[in-house]
Protein chains: 2
Amino acid sequence: MSPGYLPTSSRIPHRILSPRQPGGQFAPKAWAGEVVPFRAAIFTEGHATLGAEFILTAPSGTKTTHRLRCVQAGLDRWEALALVDETGEWTFRLRAWVDDWATWLHAATLKIPAGVDIPLTFDTGEALLRRALTDRAGDATITHALAQLTTESLAPDVRLAAVSDPSLTAKLEAHPLTSLVTVGDEHPLRVERARAGVGAWYEFFPRSEGAKKHKDGSWASGTFATAAKRLPAIADMGFTVVYLPPIHPIGESYRKGPNNSLGAGPNDPGSPWAIGSSAGGHDAIHPDLGTVSDFTAFLNSAKKHHLEVAIDLALQCSPDHPWVTEHPEWFAHRADGSIAYAENPPKKYQDIYPLDFDGDPVGLRTEILQIVEFWVDLGVKIFRVDNPHTKPLQFWEWLLHEVAAKHPDVVFLAEAFTRPEPLRALAEVGFQQSYTYFTWRNTKPELESYLRELSHDTSDFLRPNLFVNTPDILTEYLQFGGVAAYRIRAAIAATASPSWGVYSGFELIENVARPGSEENIDNEKYEYRPRNWAQAEKNGTSLAPYLRKLNSIRREHPALRQLKNLDVHWSDDDAILVFSKFLEGRFTETGQPDALIIAVNVDPHSVRETTVHLDLERLGLAADAEFEVTELLTDTQFTWGRDNYVRLDAFTNPVHILKVEPGTART
Amino acid sequence: MSPGYLPTSSRIPHRILSPRQPGGQFAPKAWAGEVVPFRAAIFTEGHATLGAEFILTAPSGTKTTHRLRCVQAGLDRWEALALVDETGEWTFRLRAWVDDWATWLHAATLKIPAGVDIPLTFDTGEALLRRALTDRAGDATITHALAQLTTESLAPDVRLAAVSDPSLTAKLEAHPLTSLVTVGDEHPLRVERARAGVGAWYEFFPRSEGAKKHKDGSWASGTFATAAKRLPAIADMGFTVVYLPPIHPIGESYRKGPNNSLGAGPNDPGSPWAIGSSAGGHDAIHPDLGTVSDFTAFLNSAKKHHLEVAIDLALQCSPDHPWVTEHPEWFAHRADGSIAYAENPPKKYQDIYPLDFDGDPVGLRTEILQIVEFWVDLGVKIFRVDNPHTKPLQFWEWLLHEVAAKHPDVVFLAEAFTRPEPLRALAEVGFQQSYTYFTWRNTKPELESYLRELSHDTSDFLRPNLFVNTPDILTEYLQFGGVAAYRIRAAIAATASPSWGVYSGFELIENVARPGSEENIDNEKYEYRPRNWAQAEKNGTSLAPYLRKLNSIRREHPALRQLKNLDVHWSDDDAILVFSKFLEGRFTETGQPDALIIAVNVDPHSVRETTVHLDLERLGLAADAEFEVTELLTDTQFTWGRDNYVRLDAFTNPVHILKVEPGTART
């Protein structure tokens with residue numbers, strides 16, 4: 001007969017659950033140093049005991065195998081955690097089998113004590129052990145077990161006990177007797193450098209640092225040289241990335257004045273996002289900040305302080321940008337032949353000309369690639385991309401793949417403050433990181449659901465960078481929540497996500513908004529804003545020590561530098577959020593497990609007491625364990641267990657970051 | 001320059017949301033007569049107005065287009081409903097575009113009244129209308145609008161009003177002025193015959209109908225001839241499918257006696273699922289029931305009553321099955337050379353030999369295909385498959401595709417009472433219908449969540465057949481809920497799902513279980529069970545009139561014969577479940593919309609009063625409409641609106657099935 005239809009399902013059916021991208025169009029992502037949960041649904045007909053492993057192939061060609069364990073039998077869910085430590089294109093595939101010995105042992109353990117089929121059951125076991133010996137001739141453990149099993153003069157329970165010995169089980173688990181072996185398809189996994197996933201970001205305007213107002217009202221701008229003086233303090237707070245708003249020449253035409261007003265005065269520096277003037281465009285440096293070599297010196301200075309520099313990629317032009325005359329085909333034109341400025345009818349934004357990606361797509365994208373490469377060649381490896389959702393998705397897919405092919409160490413952060421669909425799509429096509437809705441998720445239920453989504457549902461393709469504020473975002477929560485709000489938000493961001501960020505001024509509790517808006521009054525986007533950091537620290541009004549503490553906790557606790565290891569726990573209070581981060585000892589440098597419990601009173605106007613109920617198994621502990629914890633912000637010790645009283649006072653300390661002391665658990 | 005990387009995303013990004021199969025490995029499913037929601041996420045950068053349509057290609061090659069409407073702007077969700085009326089392999093693809101006219105009109109409507117860019121805006125509009133005229137030269141509507149638009153002596157608001165006229169809008173919506181046109185990939189959709197999706201099933205044991213006990217305790221079995229006498233009553237109750245447990249010869253070895261006892265007596269007929277004896281196997285008929293021609297006569301009799309016959313495909317054998325001697329390679333063998341019977345250690349099921357699909361896979365599957373074809377050739381087009389999850393998934397994928405290729409009208413119902421993963425996988429590889437967990441979903445929250453899952457989350461590949469009971473399932477809810485429980489469950493099953501089923505005896509409220517079990521005492525699986533149907537109806541204790549009513553409501557209301565049109569609504573009571581079914585007038589024979597609201601008190605021991613809050617837009621009504629409804633079980637009229645008082649008395653009438661009277665809505 002002809003074979004007819006060829007089934008596509010496997011002898012042991014399985015479905016890869018993670019890592020995967022929803023559409024399957026692009027490879028899922030991880031970063032070097034990430035502990036990746038590899039998950040699959042695996043089942044077969046009948047009641048045989050299954051075994052399975054993932055075979056990972058690193059870019060270098062090294063293969064490793066990772067045995068899965070069944071984590072939810074009723075849902076046929078299996079999992080293996082593996083650390084991926086090499087950047088590049090990995091592949092993984094599943095191998096599953098029926099474990100003949102485990103299947104037999106399970107049946108024998110039920111049948112022998114019940115007196116069912118005793119000789120036959122032992123005969124079957126004997127055949128299996130003989131099979132095990134065929135490629136392990138002379139193995140003492142197996143030979144001994146076989147001898148006991150086949151000694152008919154021994155009582156059945158003794159014979160069974162002999163083959164139930166853990167040493168034999170371990171041996172036959174390590175090299176199982178298999179049947180129905182199924183090898184799945186190969187799947188890709190793109191591993192990027194650690195910074196793609198982990199970093200503490202600090203955003204500041206270099207022109208503000210060292211800016212001086214003259215008596216006549218004019219300003220001396222800060223420069224890369226004066227801005228570099230701020231770097232030690234930023235590094236001292238524990239940040240690892242400094243992100244600079246656009247450093248390019250700023251347009252004069254329709255320049256915006258203070259508080260987004262039309263018609264800037266002669267002393268107004270303009271918005272750095274209105275890019276381009278006679279001094280140049282996206283590959284030029286604002287003359288006030290310095291020269292290319294001043295910028296290089298700034299990069300070197302940052303490097304000395306173990307800081308990476310991220311610059312802004314804002315693909316839009318002021319009317320004075322050189323492209324306006326050199327490449328009018330890169331802009332949309334109106335019926336009267338003029339170049340179209342940005343609009344949100346009936347509002348006009350005449351200081352900004354959006355690019356038209358359809359007029360000369362190849363020319364424009366080639367130019368943009370060259371711009372990125374210009375900065376990469378200078379040493380910039382991180383780009384924060386302004387409003388990527390207002391440019392074609394296709395363009396980003398092209399640009400990010402072109403850059404990655406030549407410079408796989410470049411990281412792009414998408415400022416995709418837009419609807420969920422484009423936000424996710426940008427992450428899927430290649431952005432290494434994304435801003436998120438975090439600033440607008442402030443209640444306990446919102447945070448529980450959103451942290452779960454970010455750490456589990458979307459984490460194979462979308463890496464959150466939890467900024468607590470930006471020059472565009474000063475939420476009502478921060479405006480009206482006082483210092484407590486700032487502490488709460490920073491603690492959640494720094495502990496929930498391996499990437500988080502702060503825009504300068506946060507540490508000074510700058511919480512006054514322009515009326516009717518959600519951004520700071522006298523916004524730094526339109527003005528110089530030198531700040532007296534030292535004075536604030538001296539007065540004790542700066543949050544810098546708190547941020548320093550958070551970043552130092554992050555540095556000391558590898559569990560906090562993972563994303564997918566977050567679990568939400570129950571508290572009886574409707575404002576006390578509880579989550580944990582856990583990393584097994586086999587993945588830490590010390591070999592000790594790293595377990596942290598974060599409890600936050602997210603109501604910044606209250607003192608709350610409640611009971612927190614922990615799912616201790618998610619922390620690698622027995623469900624009913626008792627153990628010692630250290631609260632890291634206050635260096636206080638407690639004894640904790642499954643159910644714990646907490647009191648969180650928004651006016652003094654709204655947050656607990658509790659470290660489970662390894663080795664202290666007892667049941 | 002070389003083009004470099006070629007993006008895979010589209011100029012207008014989009015993602016097909018339905019119909020689709022989760023893995024993408026198999027085509028999603030619909031049935032002839034199903035109204036299919038075609039859904040996509042579509043977005044673009046910027047604020048242009050988008051347009052989109054699905055292009056469907058029927059198996060005959062006919063192409064139709066279905067314009068999508070944006071149903072959730074914030075989530076970029078678009079939808080078109082389309083009736084698929086032809087069986088076979090359809091394809092569909094998305095076409096999306098920027099609607100230049102709609103984009104302009106939206107901007108003009110904001111700018112002209114604000115006095116912004118008036119001449120320029122009108123110039124842009126003029127150019128668009130001239131473009132519209134290039135392929136619609138002489139179109140009076142457009143020509144007139146153009147004339148008004150360009151008459152500068154008219155006031156701007158008059159000129160704008162002229163081009164905002166609905167007749168022009170309709171014309172330019174029907175044939176839009178497009179740019180950035182994007183055509184997506186072609187996707188498959190498998191459309192099966194209506195019975196794959198819609199049917200009212202009645203299960204009965206033909207041997208019981210007409211069975212007679214002699215004075216000596218022996219029995220005269222019912223036959224196909226006596227069983228056929230029951231068909232008119234089944235048809236009269238409105239059922240459309242009769243499903244017969246296995247009709248093959250029954251083994252003698254280890255035959256089970258009453259109540260699953262070991263060691264049947266000489267008068268015990270045995271379980272029909274212990275298939276095979278010296279009289280034959282899966283392609284034979286039990287001699288007690290009659291001959292092949294008696295069976296054919298039964299089929300013909302059923303056909304006369306507009307009933308289809310489903311038989312059981314139970315791939316297992318009694319020790320007396322001919323295959324045991326003819327094809328020992330189709331069974332697993334134990335260490336002593338004997339054939340392995342079924343086990344759940346330490347329990348033995350010696351009356352059943354499972355098949356081994358790995359010994360001679362090609363030989364066995366070829367034989368099974370031949371068996372299916374044997375019955376198909378006799379006229380059986382529906383198979384209820386016993387325990388498909390205990391056979392390899394690969395085998396089912398092969399069998400179902402082979403059968404579908406030759407006999408696309410054959411329907412397989414999977415009795416996959418197993419974990420969710422294999423249940424879904426069986427549906428994905430090709431089963432036309434599945435039993436579900438419905439019998440074990442009895443509380444309001446359970447039902448809300450499960451009905452949503454069945455009608456939305458899984459409905460593109462898994463079609464539920466909501467059986468209310470089976471010979472294996474008499475739930476605690478039915479055991480202890482009295483008549484109310486039976487009414488409640490039947491009403492939910494019959495209205496929530498286009499396929500539902502009843503095992504005979506349900507109408508007699510046979511609710512006594514074998515102690516400690518979840519199945520009927522003195523189970524018909526092991527005994528003859530003649531029933532006095534007429535007497536019960538005469539006594540008024542039969543639920544037959546109620547079932548008749550439910551099936552007649554299903555017949556009169558096309559909305560009930562759809563699956564994906566179910567919506568859950570809110571009631572303030574924790575036991576009053578409310579859902580609706582709605583079908584637009586363009587999909588009904590009468591042209592009238594068909595809207596039903598089902599309210600059920602799922603607590604069979606209580607009288608409940610509450611307020612029901614309806615999302616009237618899901619019923620094609622204004623959110624605040626008032627309208628007339630008819631309660632179809634009692635033929636009572638009410639005036640309903642968004643918020644409605646209901647009283648549901650479990651002891652008299654626990655269910656409302658309310659028909660919205662077309663044309664009565666007022667706001």
# chains A, B, ... in the order shown; residues from 1 in each chain; ligands from 1
>>> select_by_dssp(residues="region 131-277 of chain B", states="strand (DSSP E)", output="JSON list (two decimals) with N, CA, C and O atoms, in the first residue's frame")
[["chain", "number", "residue", "atom", "x", "y", "z"],
["B", 178, "THR", "N", -7.10, 54.71, -2.19],
["B", 178, "THR", "CA", -6.20, 54.00, -1.29],
["B", 178, "THR", "C", -4.74, 54.36, -1.51],
["B", 178, "THR", "O", -4.35, 54.78, -2.60],
["B", 179, "SER", "N", -3.96, 54.20, -0.47],
["B", 179, "SER", "CA", -2.51, 54.19, -0.62],
["B", 179, "SER", "C", -1.93, 53.19, 0.35],
["B", 179, "SER", "O", -2.64, 52.69, 1.24],
["B", 180, "LEU", "N", -0.65, 52.87, 0.17],
["B", 180, "LEU", "CA", 0.06, 51.86, 0.98],
["B", 180, "LEU", "C", -0.69, 50.53, 1.02],
["B", 180, "LEU", "O", -0.69, 49.83, 2.05],
["B", 181, "VAL", "N", -1.30, 50.17, -0.10],
["B", 181, "VAL", "CA", -2.10, 48.93, -0.11],
["B", 181, "VAL", "C", -1.22, 47.73, 0.23],
["B", 181, "VAL", "O", -0.14, 47.56, -0.32],
["B", 182, "THR", "N", -1.69, 46.95, 1.18],
["B", 182, "THR", "CA", -0.95, 45.79, 1.68],
["B", 182, "THR", "C", -1.81, 44.56, 1.51],
["B", 182, "THR", "O", -2.96, 44.56, 1.92],
["B", 183, "VAL", "N", -1.26, 43.53, 0.88],
["B", 183, "VAL", "CA", -2.01, 42.28, 0.74],
["B", 183, "VAL", "C", -1.28, 41.21, 1.54],
["B", 183, "VAL", "O", -0.08, 40.99, 1.35],
["B", 187, "HIS", "N", -4.33, 32.31, 3.91],
["B", 187, "HIS", "CA", -4.49, 31.38, 5.03],
["B", 187, "HIS", "C", -5.59, 30.38, 4.70],
["B", 187, "HIS", "O", -6.56, 30.73, 4.03],
["B", 188, "PRO", "N", -5.48, 29.16, 5.19],
["B", 188, "PRO", "CA", -6.50, 28.15, 4.88],
["B", 188, "PRO", "C", -7.65, 28.15, 5.89],
["B", 188, "PRO", "O", -7.49, 28.56, 7.03],
["B", 189, "LEU", "N", -8.78, 27.70, 5.44],
["B", 189, "LEU", "CA", -9.94, 27.48, 6.31],
["B", 189, "LEU", "C", -10.67, 26.25, 5.78],
["B", 189, "LEU", "O", -11.06, 26.21, 4.61],
["B", 190, "ARG", "N", -10.79, 25.25, 6.63],
["B", 190, "ARG", "CA", -11.44, 24.01, 6.21],
["B", 190, "ARG", "C", -12.92, 24.06, 6.60],
["B", 190, "ARG", "O", -13.23, 24.17, 7.79],
["B", 191, "VAL", "N", -13.78, 23.99, 5.62],
["B", 191, "VAL", "CA", -15.21, 24.05, 5.91],
["B", 191, "VAL", "C", -15.80, 22.66, 5.74],
["B", 191, "VAL", "O", -15.74, 22.07, 4.65],
["B", 192, "GLU", "N", -16.36, 22.14, 6.83],
["B", 192, "GLU", "CA", -16.92, 20.80, 6.82],
["B", 192, "GLU", "C", -18.46, 20.89, 6.73],
["B", 192, "GLU", "O", -19.02, 21.97, 6.77],
["B", 199, "GLY", "N", -25.98, 19.71, 15.69],
["B", 199, "GLY", "CA", -26.78, 18.50, 15.81],
["B", 199, "GLY", "C", -27.29, 18.31, 17.22],
["B", 199, "GLY", "O", -26.71, 18.80, 18.18],
["B", 200, "ALA", "N", -28.42, 17.60, 17.30],
["B", 200, "ALA", "CA", -28.97, 17.23, 18.61],
["B", 200, "ALA", "C", -28.90, 15.70, 18.66],
["B", 200, "ALA", "O", -29.56, 15.02, 17.88],
["B", 201, "TRP", "N", -28.06, 15.22, 19.55],
["B", 201, "TRP", "CA", -27.73, 13.80, 19.56],
["B", 201, "TRP", "C", -28.53, 13.06, 20.64],
["B", 201, "TRP", "O", -28.75, 13.58, 21.72],
["B", 202, "TYR", "N", -28.88, 11.83, 20.30],
["B", 202, "TYR", "CA", -29.57, 10.97, 21.26],
["B", 202, "TYR", "C", -28.88, 9.62, 21.24],
["B", 202, "TYR", "O", -28.79, 8.97, 20.19],
["B", 203, "GLU", "N", -28.35, 9.21, 22.36],
["B", 203, "GLU", "CA", -27.63, 7.93, 22.46],
["B", 203, "GLU", "C", -28.55, 6.88, 23.04],
["B", 203, "GLU", "O", -29.20, 7.10, 24.07],
["B", 212, "LYS", "N", -36.80, -8.40, 26.00],
["B", 212, "LYS", "CA", -37.82, -9.01, 26.86],
["B", 212, "LYS", "C", -37.18, -10.07, 27.74],
["B", 212, "LYS", "O", -36.41, -10.90, 27.29],
["B", 213, "LYS", "N", -37.55, -10.02, 29.00],
["B", 213, "LYS", "CA", -37.02, -11.01, 29.94],
["B", 213, "LYS", "C", -37.98, -12.19, 30.00],
["B", 213, "LYS", "O", -39.19, -12.00, 30.17],
["B", 219, "TRP", "N", -33.00, -13.59, 28.43],
["B", 219, "TRP", "CA", -33.53, -12.42, 27.74],
["B", 219, "TRP", "C", -33.64, -12.67, 26.24],
["B", 219, "TRP", "O", -32.82, -13.37, 25.66],
["B", 220, "ALA", "N", -34.63, -12.05, 25.65],
["B", 220, "ALA", "CA", -34.63, -11.89, 24.19],
["B", 220, "ALA", "C", -34.12, -10.48, 23.93],
["B", 220, "ALA", "O", -34.72, -9.50, 24.39],
["B", 241, "VAL", "N", -29.51, 13.20, 15.45],
["B", 241, "VAL", "CA", -28.52, 12.12, 15.33],
["B", 241, "VAL", "C", -28.85, 11.08, 16.39],
["B", 241, "VAL", "O", -29.10, 11.42, 17.55],
["B", 242, "VAL", "N", -28.89, 9.81, 15.99],
["B", 242, "VAL", "CA", -28.93, 8.77, 17.01],
["B", 242, "VAL", "C", -27.57, 8.10, 17.05],
["B", 242, "VAL", "O", -27.01, 7.73, 16.01],
["B", 243, "TYR", "N", -27.04, 8.00, 18.24],
["B", 243, "TYR", "CA", -25.71, 7.38, 18.38],
["B", 243, "TYR", "C", -25.87, 6.05, 19.11],
["B", 243, "TYR", "O", -26.43, 5.98, 20.20],
["B", 244, "LEU", "N", -25.34, 5.01, 18.47],
["B", 244, "LEU", "CA", -25.43, 3.67, 19.02],
["B", 244, "LEU", "C", -24.09, 3.23, 19.59],
["B", 244, "LEU", "O", -23.08, 3.28, 18.89],
["B", 256, "LYS", "N", -18.07, -8.92, 31.65],
["B", 256, "LYS", "CA", -18.50, -8.24, 32.87],
["B", 256, "LYS", "C", -20.00, -8.45, 33.10],
["B", 256, "LYS", "O", -20.79, -8.42, 32.15],
["B", 257, "GLY", "N", -20.37, -8.63, 34.36],
["B", 257, "GLY", "CA", -21.77, -8.78, 34.73],
["B", 257, "GLY", "C", -22.35, -7.47, 35.23],
["B", 257, "GLY", "O", -21.70, -6.42, 35.14],
["B", 261, "SER", "N", -19.49, -6.09, 37.51],
["B", 261, "SER", "CA", -18.98, -7.20, 38.32],
["B", 261, "SER", "C", -18.19, -8.17, 37.45],
["B", 261, "SER", "O", -18.39, -8.27, 36.24],
["B", 262, "LEU", "N", -17.24, -8.87, 38.09],
["B", 262, "LEU", "CA", -16.49, -9.89, 37.38],
["B", 262, "LEU", "C", -17.37, -11.13, 37.28],
["B", 262, "LEU", "O", -18.16, -11.41, 38.17]]
>>> interface_residues(of="chain B", to="chain A", cutoff="7 Å", atoms="only C-alpha atoms", output="ChimeraX atom specification")
/B:5-7,9-11,45-46,74-76,107,110-111,114,116,120,123-124,335-336,345-346,389-392,394,397-398,401-402,419-421
>>> residues_around(residues="Pro662 (chain A)", least_positions_apart="2", cutoff="7 Å", atoms="only C-alpha atoms", output="CSV table (one decimal) with N, CA and C atoms, in the first residue's frame")
chain,number,residue,atom,x,y,z
A,592,GLN,N,25.1,29.7,46.3
A,592,GLN,CA,24.0,29.8,47.2
A,592,GLN,C,22.7,30.3,46.5
A,593,PRO,N,21.6,29.7,46.8
A,593,PRO,CA,20.4,30.3,46.2
A,593,PRO,C,20.1,31.7,46.6
A,660,VAL,N,16.1,36.2,51.8
A,660,VAL,CA,16.1,35.0,52.6
A,660,VAL,C,17.5,34.6,52.8
A,664,THR,N,19.1,28.9,56.4
A,664,THR,CA,18.4,29.1,57.7
A,664,THR,C,17.0,28.4,57.7
>>> select_by_dssp(residues="region 247-432 of chain A", states="alpha helix (DSSP H)", output="PyMOL selection string")
chain A and resi 292-304+322-326+361-378+393-406+420-429
>>> closest_residue(among="A:Phe331, A:Phe587, A:Trp31, A:Phe239", to="Leu563 (chain A)", atoms="only C-alpha atoms")
A:Trp31
>>> residues_around(residues="Pro319 (chain B)", least_positions_apart="6", cutoff="7 Å", atoms="only C-alpha atoms", output="JSON, numbers by chain")
{"B": [251, 253, 351, 352, 353]}
>>> write_last_selection(atoms="all heavy atoms", output="PDB file, in the first residue's frame")
ATOM      1  N   GLY B 251     -17.398 -10.107  23.367  1.00  0.00           N
ATOM      2  CA  GLY B 251     -16.604 -11.239  23.861  1.00  0.00           C
ATOM      3  C   GLY B 251     -17.260 -11.968  25.015  1.00  0.00           C
ATOM      4  O   GLY B 251     -18.055 -11.392  25.774  1.00  0.00           O
ATOM      5  N   SER B 253     -15.054 -14.082  27.046  1.00  0.00           N
ATOM      6  CA  SER B 253     -14.003 -14.230  28.060  1.00  0.00           C
ATOM      7  C   SER B 253     -13.986 -13.040  29.007  1.00  0.00           C
ATOM      8  O   SER B 253     -13.933 -11.901  28.545  1.00  0.00           O
ATOM      9  CB  SER B 253     -12.627 -14.345  27.399  1.00  0.00           C
ATOM     10  OG  SER B 253     -12.632 -15.366  26.439  1.00  0.00           O
ATOM     11  N   ASP B 351     -11.049  -8.314  30.415  1.00  0.00           N
ATOM     12  CA  ASP B 351     -11.993  -8.462  29.307  1.00  0.00           C
ATOM     13  C   ASP B 351     -11.584  -7.621  28.086  1.00  0.00           C
ATOM     14  O   ASP B 351     -12.220  -7.704  27.046  1.00  0.00           O
ATOM     15  CB  ASP B 351     -13.413  -8.076  29.743  1.00  0.00           C
ATOM     16  CG  ASP B 351     -13.515  -6.667  30.289  1.00  0.00           C
ATOM     17  OD1 ASP B 351     -12.500  -6.162  30.840  1.00  0.00           O
ATOM     18  OD2 ASP B 351     -14.588  -6.051  30.157  1.00  0.00           O
ATOM     19  N   ILE B 352     -10.523  -6.840  28.237  1.00  0.00           N
ATOM     20  CA  ILE B 352     -10.135  -5.913  27.165  1.00  0.00           C
ATOM     21  C   ILE B 352      -8.655  -6.066  26.819  1.00  0.00           C
ATOM     22  O   ILE B 352      -7.798  -6.017  27.701  1.00  0.00           O
ATOM     23  CB  ILE B 352     -10.376  -4.438  27.617  1.00  0.00           C
ATOM     24  CG1 ILE B 352     -11.850  -4.165  27.845  1.00  0.00           C
ATOM     25  CG2 ILE B 352      -9.788  -3.452  26.596  1.00  0.00           C
ATOM     26  CD1 ILE B 352     -12.716  -4.236  26.616  1.00  0.00           C
ATOM     27  N   TYR B 353      -8.368  -6.245  25.537  1.00  0.00           N
ATOM     28  CA  TYR B 353      -6.994  -6.195  25.046  1.00  0.00           C
ATOM     29  C   TYR B 353      -6.816  -4.868  24.304  1.00  0.00           C
ATOM     30  O   TYR B 353      -7.435  -4.658  23.247  1.00  0.00           O
ATOM     31  CB  TYR B 353      -6.722  -7.325  24.051  1.00  0.00           C
ATOM     32  CG  TYR B 353      -6.569  -8.702  24.660  1.00  0.00           C
ATOM     33  CD1 TYR B 353      -6.395  -9.804  23.814  1.00  0.00           C
ATOM     34  CD2 TYR B 353      -6.562  -8.917  26.035  1.00  0.00           C
ATOM     35  CE1 TYR B 353      -6.239 -11.082  24.337  1.00  0.00           C
ATOM     36  CE2 TYR B 353      -6.412 -10.190  26.559  1.00  0.00           C
ATOM     37  CZ  TYR B 353      -6.258 -11.275  25.707  1.00  0.00           C
ATOM     38  OH  TYR B 353      -6.108 -12.532  26.219  1.00  0.00           O
TER      39      TYR B 353
END
>>> atom_distance(atom1="CA of Asp386 (chain A)", atom2="CA of Pro19 (chain A)")
28.2 Å
>>> residues_around(residues="Glu415 (chain B)", least_positions_apart="5", cutoff="12 Å", atoms="only C-alpha atoms", output="MDAnalysis selection string")
chainID B and resid 312:314 383:391 422:424 426:427 431:437 464:467 470 472
>>> atom_distance(atom1="CA of Asp457 (chain A)", atom2="CA of Gly197 (chain A)")
16.2 Å
>>> residues_around(residues="Asp522 (chain B)", least_positions_apart="3", cutoff="12 Å", atoms="only C-alpha atoms", output="list in words")
Gly257, Pro258, Asn259, Asn260, Ser261, Asp268, Pro471, Asp472, Glu510, Asn511, Val512, Ala513, Arg514, Pro515, Ser517, Glu519, Lys525, Tyr526, Glu527, Tyr528 and Arg529 of chain B
>>> decode(residues="region 417-434 of chain B", atoms="C-alpha atoms", output="PDB file, in the first residue's frame")
ATOM      1  CA  PHE B 417     -12.302  12.707  28.531  1.00  0.00           C
ATOM      2  CA  THR B 418      -8.708  13.419  29.386  1.00  0.00           C
ATOM      3  CA  ARG B 419      -6.383  16.302  30.245  1.00  0.00           C
ATOM      4  CA  PRO B 420      -6.715  19.581  28.324  1.00  0.00           C
ATOM      5  CA  GLU B 421      -3.547  19.114  26.290  1.00  0.00           C
ATOM      6  CA  PRO B 422      -4.501  15.839  24.553  1.00  0.00           C
ATOM      7  CA  LEU B 423      -8.151  16.954  24.353  1.00  0.00           C
ATOM      8  CA  ARG B 424      -7.133  19.986  22.333  1.00  0.00           C
ATOM      9  CA  ALA B 425      -4.478  18.152  20.332  1.00  0.00           C
ATOM     10  CA  LEU B 426      -7.048  15.604  19.107  1.00  0.00           C
ATOM     11  CA  ALA B 427      -9.294  18.440  17.962  1.00  0.00           C
ATOM     12  CA  GLU B 428      -6.364  20.115  16.251  1.00  0.00           C
ATOM     13  CA  VAL B 429      -5.326  17.058  14.251  1.00  0.00           C
ATOM     14  CA  GLY B 430      -8.786  16.665  12.774  1.00  0.00           C
ATOM     15  CA  PHE B 431     -11.618  15.464  15.018  1.00  0.00           C
ATOM     16  CA  GLN B 432     -14.747  17.282  13.904  1.00  0.00           C
ATOM     17  CA  GLN B 433     -16.250  17.356  17.397  1.00  0.00           C
ATOM     18  CA  SER B 434     -15.222  16.735  20.984  1.00  0.00           C
TER      19      SER B 434
END
